[in-house]
>>> print(open('entry-v9.cif').read())   # mmCIF, C-alpha atoms
data_entry
#
loop_
_atom_site.label_atom_id
_atom_site.label_comp_id
_atom_site.auth_asym_id
_atom_site.auth_seq_id
_atom_site.Cartn_x
_atom_site.Cartn_y
_atom_site.Cartn_z
CA MET A 294 140.30 131.33 100.71
CA THR A 295 137.96 130.10 103.49
CA ALA A 296 140.54 127.47 104.49
CA PHE A 297 143.10 130.26 104.89
CA ASN A 298 140.64 132.28 107.00
CA ILE A 299 139.98 129.25 109.21
CA LEU A 300 143.72 128.72 109.71
CA LEU A 301 144.09 132.36 110.62
CA VAL A 302 141.33 132.14 113.23
CA ILE A 303 142.93 128.97 114.66
CA LEU A 304 146.33 130.70 114.87
CA VAL A 305 144.80 133.73 116.57
CA SER A 306 143.01 131.43 119.04
CA VAL A 307 146.29 129.65 119.85
CA ALA A 308 148.09 132.99 120.24
CA GLY A 309 145.25 134.27 122.43
CA THR A 310 145.48 131.19 124.63
CA PHE A 311 149.22 131.64 125.13
CA LEU A 312 148.70 135.34 125.85
CA ALA A 313 146.03 134.51 128.44
CA GLU A 314 148.27 131.91 130.06
CA ALA A 315 151.23 134.31 130.07
CA LEU A 316 149.11 136.95 131.84
CA SER A 317 147.79 134.36 134.29
CA TRP A 318 151.36 133.20 135.00
CA PHE A 319 152.47 136.77 135.60
CA PHE A 320 149.59 137.61 137.95
CA VAL A 321 148.84 134.28 139.58
CA TYR A 322 150.77 131.12 138.78
CA ARG A 323 154.23 132.31 139.86
CA THR A 324 153.00 133.38 143.33
CA ASP A 325 153.76 131.19 146.35
CA GLU A 326 150.14 131.34 147.45
CA TYR A 327 148.92 129.76 144.22
CA LYS A 328 151.61 127.05 144.31
CA ARG A 329 150.64 126.23 147.89
CA LEU A 330 146.93 126.08 147.02
CA LYS A 331 147.58 123.86 144.01
CA SER A 332 149.75 121.44 145.95
CA ASN A 333 147.05 121.32 148.68
CA VAL A 334 144.37 120.49 146.11
CA GLU A 335 146.50 117.71 144.59
CA LYS A 336 147.15 116.14 148.01
CA LEU A 337 143.47 116.30 148.95
CA GLN A 338 142.48 114.82 145.58
CA GLN A 339 144.80 111.87 146.21
CA ARG A 340 143.32 111.34 149.67
CA VAL A 341 139.78 111.54 148.33
CA ASP A 342 140.57 109.01 145.58
CA LYS A 343 142.25 106.70 148.08
CA GLY A 344 139.27 106.99 150.44
CA LYS A 345 136.85 106.11 147.64
CA GLU A 346 138.97 103.07 146.72
CA ILE A 347 138.92 101.85 150.34
CA LEU A 348 135.15 102.40 150.63
CA SER A 349 134.39 100.59 147.38
CA ALA A 350 136.75 97.73 148.34
CA ASN A 351 134.96 97.47 151.71
CA ALA A 352 131.59 97.50 149.99
CA ALA A 353 132.72 94.71 147.66
CA LYS A 354 134.03 92.70 150.65
CA THR A 355 130.76 93.16 152.59
CA SER A 356 128.57 92.12 149.66
CA SER A 357 130.69 89.05 148.92
CA THR A 358 130.75 87.93 152.55
CA SER A 359 127.01 88.48 152.95
CA SER A 360 126.26 86.42 149.85
CA THR A 361 128.27 83.45 151.05
CA ALA A 362 127.94 83.71 154.82
CA VAL A 363 125.79 81.23 156.72
CA VAL A 364 123.05 83.01 158.65
CA PRO A 365 123.13 81.90 162.37
CA ALA A 366 119.90 80.76 164.07
CA ALA A 367 120.24 83.15 167.03
CA PRO A 368 122.72 86.00 167.04
CA SER A 369 125.14 85.83 169.96
CA THR A 370 126.25 88.92 171.89
CA THR A 371 129.91 88.57 170.80
CA THR A 372 129.05 88.53 167.09
CA THR A 373 126.73 91.53 167.58
CA ALA A 374 129.58 93.44 169.29
CA THR A 375 131.98 92.60 166.42
CA ALA A 376 129.40 93.56 163.82
CA SER A 377 128.72 96.89 165.55
CA GLU A 378 132.48 97.56 165.77
CA LYS A 379 132.78 96.97 162.02
CA LYS A 380 129.81 99.23 161.41
CA GLU A 381 131.41 101.98 163.51
CA LYS A 382 134.70 101.63 161.66
CA LYS A 383 132.91 101.81 158.30
CA SER A 384 130.92 104.92 159.28
CA ALA A 385 134.13 106.55 160.59
CA LYS A 386 135.78 105.89 157.21
CA GLU A 387 132.75 107.30 155.40
CA LYS A 388 132.83 110.40 157.60
CA LYS A 389 136.53 110.81 156.86
CA ALA A 390 135.89 110.48 153.13
CA THR A 391 133.08 113.07 153.33
CA ARG A 392 135.36 115.39 155.31
CA TYR A 393 138.09 115.12 152.67
CA ASP A 394 135.48 115.75 149.95
CA ASP A 395 134.41 118.96 151.70
CA MET A 396 138.03 120.02 152.22
CA LEU A 397 138.73 119.40 148.53
CA GLU A 398 135.73 121.47 147.53
CA GLU A 399 136.94 124.35 149.73
CA ALA A 400 140.46 124.06 148.35
CA ASN A 401 139.14 124.10 144.78
CA LYS A 402 137.12 127.23 145.57
CA GLY A 403 140.27 128.88 146.94
CA LEU A 404 142.15 127.92 143.79
CA THR A 405 139.39 129.32 141.56
CA GLN A 406 139.41 132.55 143.57
CA ALA A 407 143.18 132.83 143.18
CA ARG A 408 142.85 132.35 139.42
CA ALA A 409 140.11 135.01 139.31
CA LYS A 410 142.72 137.65 140.16
CA SER A 411 144.09 137.43 136.64
CA SER A 412 140.64 137.37 135.03
CA ILE A 413 140.42 141.16 134.64
CA ALA A 414 143.71 141.37 132.76
CA VAL A 415 142.93 138.27 130.70
CA GLY A 416 139.41 139.53 129.96
CA ALA A 417 140.70 142.90 128.79
CA ALA A 418 143.32 141.24 126.57
CA MET A 419 140.73 138.91 125.03
CA ILE A 420 138.30 141.78 124.37
CA GLY A 421 141.11 143.72 122.67
CA LEU A 422 141.99 140.67 120.56
CA LEU A 423 138.36 140.09 119.57
CA ALA A 424 137.92 143.77 118.65
CA LEU A 425 141.00 143.56 116.44
CA MET A 426 139.74 140.40 114.75
CA ASN A 427 136.28 141.90 114.30
CA ARG A 428 137.80 144.83 112.46
CA TYR A 429 139.51 142.48 110.04
CA PHE A 430 136.70 139.93 109.67
CA ASP A 431 133.60 142.15 109.93
CA GLY A 432 131.07 141.05 107.28
CA VAL A 433 133.56 138.52 105.90
CA LEU A 434 132.56 134.94 105.18
CA VAL A 435 135.15 133.05 107.23
CA ALA A 436 133.97 129.49 106.63
CA ARG A 437 131.25 127.43 105.04
CA LEU A 438 129.80 125.09 107.62
CA PRO A 439 129.16 121.47 106.60
CA PHE A 440 126.07 121.48 108.83
CA GLU A 441 123.29 123.99 109.51
CA PRO A 442 123.39 125.24 113.12
CA PHE A 443 120.11 125.29 115.00
CA GLY A 444 118.35 127.88 117.20
CA PHE A 445 120.47 130.57 118.80
CA LEU A 446 123.61 129.11 117.20
CA GLN A 447 122.29 130.27 113.84
CA THR A 448 122.12 133.84 115.13
CA MET A 449 125.64 133.56 116.52
CA SER A 450 127.21 131.96 113.47
CA HIS A 451 125.51 134.21 110.90
CA ARG A 452 125.81 137.54 112.70
CA GLY A 453 127.07 140.34 110.48
CA LEU A 454 126.83 138.27 107.30
CA PRO A 455 124.51 139.14 104.40
CA GLY A 456 121.71 136.82 103.24
CA THR A 457 119.92 133.96 104.97
CA ASP A 458 122.17 131.05 104.08
CA TYR A 459 122.93 129.73 107.56
CA TYR A 460 125.71 127.51 106.28
CA ASP A 461 127.79 130.69 106.09
CA CYS A 462 129.85 131.22 109.20
CA ASN A 463 131.46 134.28 110.76
CA MET A 464 134.62 134.60 112.81
CA ILE A 465 132.97 134.61 116.25
CA PHE A 466 131.43 131.13 115.97
CA LEU A 467 134.66 129.64 114.71
CA TYR A 468 136.66 131.39 117.43
CA ILE A 469 134.34 129.95 120.09
CA LEU A 470 134.79 126.46 118.65
CA CYS A 471 138.56 126.99 118.65
CA ASN A 472 138.41 128.01 122.29
CA PHE A 473 136.49 124.85 123.09
CA GLY A 474 138.81 122.54 121.24
CA ILE A 475 142.23 124.11 121.33
CA ARG A 476 142.40 126.18 124.49
CA GLY A 477 141.45 123.27 126.75
CA ASN A 478 144.17 121.08 125.30
CA ILE A 479 146.87 123.74 125.50
CA GLN A 480 145.97 124.48 129.12
CA ARG A 481 146.06 120.77 129.90
CA MET A 482 149.48 120.32 128.30
CA MET A 483 150.82 123.24 130.31
CA GLY A 484 149.24 121.85 133.49
CA THR A 485 147.16 124.99 134.03
CA GLN A 486 143.68 123.65 133.38
CA PRO A 487 141.04 124.99 135.76
CA PRO A 488 139.46 122.67 138.38
CA LYS A 489 136.95 120.24 136.87
CA GLN A 490 133.48 121.58 136.41
CA SER A 491 131.36 119.05 134.68
CA PHE A 492 128.54 120.12 132.37
CA PHE A 493 126.67 117.06 133.54
CA PRO A 494 125.82 116.12 137.13
CA PRO A 495 127.42 112.87 138.32
CA PRO A 496 125.19 109.87 139.04
CA GLN A 497 123.74 109.69 142.59
CA MET B 21 153.14 105.32 143.16
CA SER B 22 154.91 105.54 139.80
CA GLY B 23 157.77 107.95 139.32
CA VAL B 24 161.49 108.24 138.84
CA VAL B 25 163.69 107.81 141.86
CA LYS B 26 166.94 109.72 141.59
CA GLN B 27 169.81 109.52 144.00
CA ARG B 28 172.01 112.50 144.56
CA LYS B 29 175.25 112.45 146.50
CA THR B 30 175.90 115.61 148.49
CA GLY B 31 178.61 116.80 150.83
CA GLY B 32 181.47 114.37 151.19
CA GLY B 33 185.06 115.06 152.09
CA SER B 34 187.86 113.84 154.27
CA GLY B 35 187.65 112.50 157.81
CA GLY B 36 185.32 109.67 157.09
CA ALA B 37 182.26 111.87 156.65
CA SER B 38 179.69 109.86 154.76
CA ASN B 39 178.08 111.15 151.62
CA LYS B 40 174.47 112.05 152.09
CA GLU B 41 172.11 110.40 149.67
CA GLU B 42 169.08 112.37 148.66
CA VAL B 43 166.20 110.48 147.17
CA VAL B 44 164.14 112.60 144.84
CA VAL B 45 160.92 111.20 143.54
CA ALA B 46 159.76 112.97 140.39
CA LYS B 47 156.07 113.78 140.30
CA PRO B 48 154.23 111.78 137.63
CA ASN B 49 153.00 113.92 134.76
CA TYR B 50 149.32 113.13 134.12
CA HIS B 51 148.33 116.06 131.96
CA SER B 52 150.48 116.03 128.84
CA ILE B 53 150.26 113.46 126.02
CA PRO B 54 151.02 110.05 127.59
CA PRO B 55 154.18 108.16 126.58
CA MET B 56 154.08 105.01 124.42
CA ALA B 57 154.26 102.77 127.47
CA THR B 58 150.95 104.17 128.75
CA TRP B 59 149.28 103.70 125.36
CA ARG B 60 150.47 100.07 125.32
CA LYS B 61 149.21 99.65 128.88
CA GLY B 62 145.82 100.89 127.68
CA LEU B 63 145.64 97.98 125.25
CA SER B 64 145.96 95.32 127.92
CA ARG B 65 143.22 94.14 130.25
CA SER B 66 144.83 93.06 133.47
CA THR B 67 146.63 96.20 134.63
CA THR B 68 146.26 98.51 137.57
CA TRP B 69 145.79 102.21 136.95
CA GLU B 70 146.18 105.39 138.88
CA LYS B 71 142.97 107.34 138.38
CA SER B 72 144.70 110.47 137.00
CA GLU B 73 146.75 108.31 134.63
CA LEU B 74 143.64 106.62 133.25
CA LEU B 75 141.71 109.88 132.88
CA ASN B 76 144.66 111.47 131.10
CA LEU B 77 144.90 108.57 128.65
CA ILE B 78 141.17 108.73 127.95
CA HIS B 79 141.34 112.49 127.40
CA TRP B 80 144.08 112.29 124.80
CA LEU B 81 142.62 109.19 123.17
CA ARG B 82 139.42 111.18 122.72
CA GLN B 83 141.30 114.09 121.14
CA PHE B 84 142.98 111.80 118.59
CA ILE B 85 139.66 110.13 117.78
CA ALA B 86 138.08 113.59 117.37
CA ILE B 87 140.79 114.65 114.90
CA THR B 88 140.41 111.39 112.94
CA MET B 89 136.63 111.66 112.82
CA GLY B 90 136.91 115.32 111.79
CA ILE B 91 139.16 114.41 108.86
CA ILE B 92 136.85 111.57 107.77
CA CYS B 93 133.68 113.69 108.04
CA GLY B 94 135.33 116.58 106.20
CA ALA B 95 136.72 114.41 103.41
CA ALA B 96 133.58 112.25 102.90
CA PRO B 97 131.95 114.93 103.07
CA VAL B 98 129.30 114.63 105.75
CA THR B 99 127.10 117.69 105.27
CA THR B 100 124.34 117.47 107.85
CA GLY B 101 124.02 117.32 111.63
CA VAL B 102 124.54 113.55 111.32
CA GLY B 103 128.24 114.20 111.81
CA ASN B 104 127.60 115.72 115.25
CA MET B 105 125.33 112.84 116.26
CA ALA B 106 127.85 110.31 114.97
CA PHE B 107 130.57 111.93 117.05
CA PHE B 108 128.62 111.69 120.31
CA ALA B 109 127.30 108.22 119.54
CA MET B 110 130.81 106.99 118.75
CA ASN B 111 132.18 108.54 121.93
CA VAL B 112 129.53 107.11 124.22
CA SER B 113 129.45 103.62 122.71
CA GLY B 114 133.23 103.49 122.37
CA ALA B 115 133.65 104.60 125.96
CA PHE B 116 131.35 101.89 127.32
CA ALA B 117 133.06 99.25 125.20
CA TYR B 118 136.44 100.38 126.53
CA PHE B 119 135.17 100.31 130.14
CA SER B 120 134.09 96.70 129.68
CA PHE B 121 137.47 95.88 128.17
CA LEU B 122 139.33 97.47 131.09
CA GLY B 123 136.90 96.09 133.65
CA ILE B 124 135.81 99.45 135.11
CA SER B 125 132.64 98.84 137.05
CA GLU B 126 132.15 101.73 139.51
CA ASP B 127 129.48 104.14 138.26
CA GLU B 128 131.25 107.27 139.45
CA LEU B 129 134.52 106.37 137.77
CA ARG B 130 132.68 105.38 134.59
CA PHE B 131 130.92 108.75 134.57
CA GLU B 132 134.21 110.60 135.05
CA CYS B 133 135.83 108.64 132.24
CA LEU B 134 132.78 109.19 130.03
CA THR B 135 132.88 112.98 130.39
CA GLU B 136 136.67 113.45 130.55
CA GLY B 137 137.64 115.81 127.71
CA LEU B 138 134.34 115.30 125.87
CA MET B 139 133.51 118.94 125.08
CA THR B 140 137.14 119.74 124.25
CA ALA B 141 137.11 116.81 121.84
CA TYR B 142 133.88 118.04 120.27
CA GLY B 143 135.38 121.49 119.67
CA LEU B 144 138.43 119.87 118.06
CA PHE B 145 136.26 117.58 115.93
CA ALA B 146 134.14 120.50 114.71
CA ILE B 147 137.19 122.62 113.82
CA VAL B 148 138.90 119.83 111.91
CA TRP B 149 135.65 118.86 110.14
CA ILE B 150 135.01 122.47 109.05
CA PHE B 151 138.62 123.00 107.98
CA VAL B 152 138.93 119.82 105.91
CA TYR B 153 135.52 120.41 104.30
CA ASN B 154 136.46 123.97 103.32
CA LEU B 155 139.89 122.87 102.12
CA MET B 156 138.53 120.18 99.81
CA PHE B 157 135.12 121.40 98.68
CA VAL B 158 134.72 125.16 99.08
#
>>> encode(input="entry-v9.cif", output="structure tokens")
Amino acid sequence: MTAFNILLVILVSVAGTFLAEALSWFFVYRTDEYKRLKSNVEKLQQRVDKGKEILSANAAKTSSTSSTAVVPAAPSTTTTATASEKKEKKSAKEKKATRYDDMLEEANKGLTQARAKSSIAVGAAMIGLLALMNRYFDGVLVARLPFEPFGFLQTMSHRGLPGTDYYDCNMIFLYILCNFGIRGNIQRMMGTQPPKQSFFPPPQ
Amino acid sequence: MSGVVKQRKTGGGSGGASNKEEVVVAKPNYHSIPPMATWRKGLSRSTTWEKSELLNLIHWLRQFIAITMGIICGAAPVTTGVGNMAFFAMNVSGAFAYFSFLGISEDELRFECLTEGLMTAYGLFAIVWIFVYNLMFV
């Protein structure tokens, strides 16, 4: 019985994802503005990646040459001029890479803002879907968890259920897990995943 | 850049007018499940990768590992938080081992590959684990 309930929640999550994407397509994805923004972001991403490759290749070249180069006794003016030219070129490339990074960030913000236009419709649809599911699954044991959730997750997973056995799980917790696991993959397959926002900060 | 190059002949007719050839380069698809060729490429060391191609492969590899681990944990059954810890430990250690195999050395790229699809994979792992456990033991 719980396996059937879990399957039902998974199916509803998949259906909800497709509904959300259909609404987003209707309000946002089919517009020329969104297509233009997306293509801009992709081009800038390619330039940023290319710039990083060039910078890291230059860094590798510099480190290898410095480890094997013979240090002259007294630096001549011509070698100083060449070295300063190389330095200028490198800093120009770094500035270009930084500029593309900033442009990409701006473009991503524009894309996120464009997607936000559909958020009201999608939000309303999701609330309606959740309300419907709540009516059907209110107070119902949807699944038995193989692990005991900790902290606030206990409150979330056991809400509306009788008793204090925190291995019992309600529909909301399972639906959230489905959204984590299934929605992201469906969006990725359709090519409509939102711009990357990492939970973790990248290394400095 | 990888892609399919198609040639289309347009126009044409009498009077010696030459047919125009249109070269269309199809955009590579780096978000759906990769084809077999990409999976085979992922098993060899000395290959060059486009960043999006590599990240896409890692994402889907993670999803398949998550499903497999979910089935194993559900069938065993693993009934404590050890399953969650095992998932993250496996992901992190497996990722670093794969980076060494592929020869990825830049920190930023390693970080991107490490976090690519991680939370999505965890959600998938948890769902499969819970489902299999309930199917077999509840």
>>> residues_around(input="entry-v9.cif", residues="range 149-154 of chain B", least_positions_apart="2", cutoff="7 Å", atoms="all atoms listed in the file", output="MDAnalysis selection string")
(chainID A and resid 295:296 299 436:439) or (chainID B and resid 90:91 93:95 97 145:147 156:158)
>>> atom_distance(input="entry-v9.cif", atom1="CA of Trp69 in chain B", atom2="CA of Ile124 in chain B")
10.5 Å
>>> closest_residue(input="entry-v9.cif", among="B:Val148, B:Met89, B:Met139, B:Leu129", to="Ser72 in chain B", atoms="only C-alpha atoms")
B:Leu129
>>> residues_around(input="entry-v9.cif", residues="Gly344 in chain A", least_positions_apart="4", cutoff="8 Å", atoms="only C-alpha atoms", output="number ranges by chain")
A: 340, 348, 386, 389-390
>>> resolve_selection(input="entry-v9.cif", expression="the PyMOL selection byres ((chain B) within 7 of (chain A))", output="list in words")
His51, Ser52, Val98, Thr99, Thr100, Gly101, Glu128, Phe131, Met139, Thr140, Ala141, Tyr142, Gly143, Leu144, Ile147, Ile150, Phe151, Tyr153, Asn154 and Leu155 of chain B
>>> write_last_selection(input="entry-v9.cif", atoms="C-alpha atoms", output="compact mmCIF listing (two decimals), in the frame of the given file")
# COMPACT_ATOMS: atom_id res chain seq x y z
CA HIS B 51 148.33 116.06 131.96
CA SER B 52 150.48 116.03 128.84
CA VAL B 98 129.30 114.63 105.75
CA THR B 99 127.10 117.69 105.27
CA THR B 100 124.34 117.47 107.85
CA GLY B 101 124.02 117.32 111.63
CA GLU B 128 131.25 107.27 139.45
CA PHE B 131 130.92 108.75 134.57
CA MET B 139 133.51 118.94 125.08
CA THR B 140 137.14 119.74 124.25
CA ALA B 141 137.11 116.81 121.84
CA TYR B 142 133.88 118.04 120.27
CA GLY B 143 135.38 121.49 119.67
CA LEU B 144 138.43 119.87 118.06
CA ILE B 147 137.19 122.62 113.82
CA ILE B 150 135.01 122.47 109.05
CA PHE B 151 138.62 123.00 107.98
CA TYR B 153 135.52 120.41 104.30
CA ASN B 154 136.46 123.97 103.32
CA LEU B 155 139.89 122.87 102.12
>>> resolve_selection(input="entry-v9.cif", expression="the PyMOL selection byres ((chain A and resi 451) around 12)", output="ChimeraX atom specification")
/A:431-438,441-450,452-467
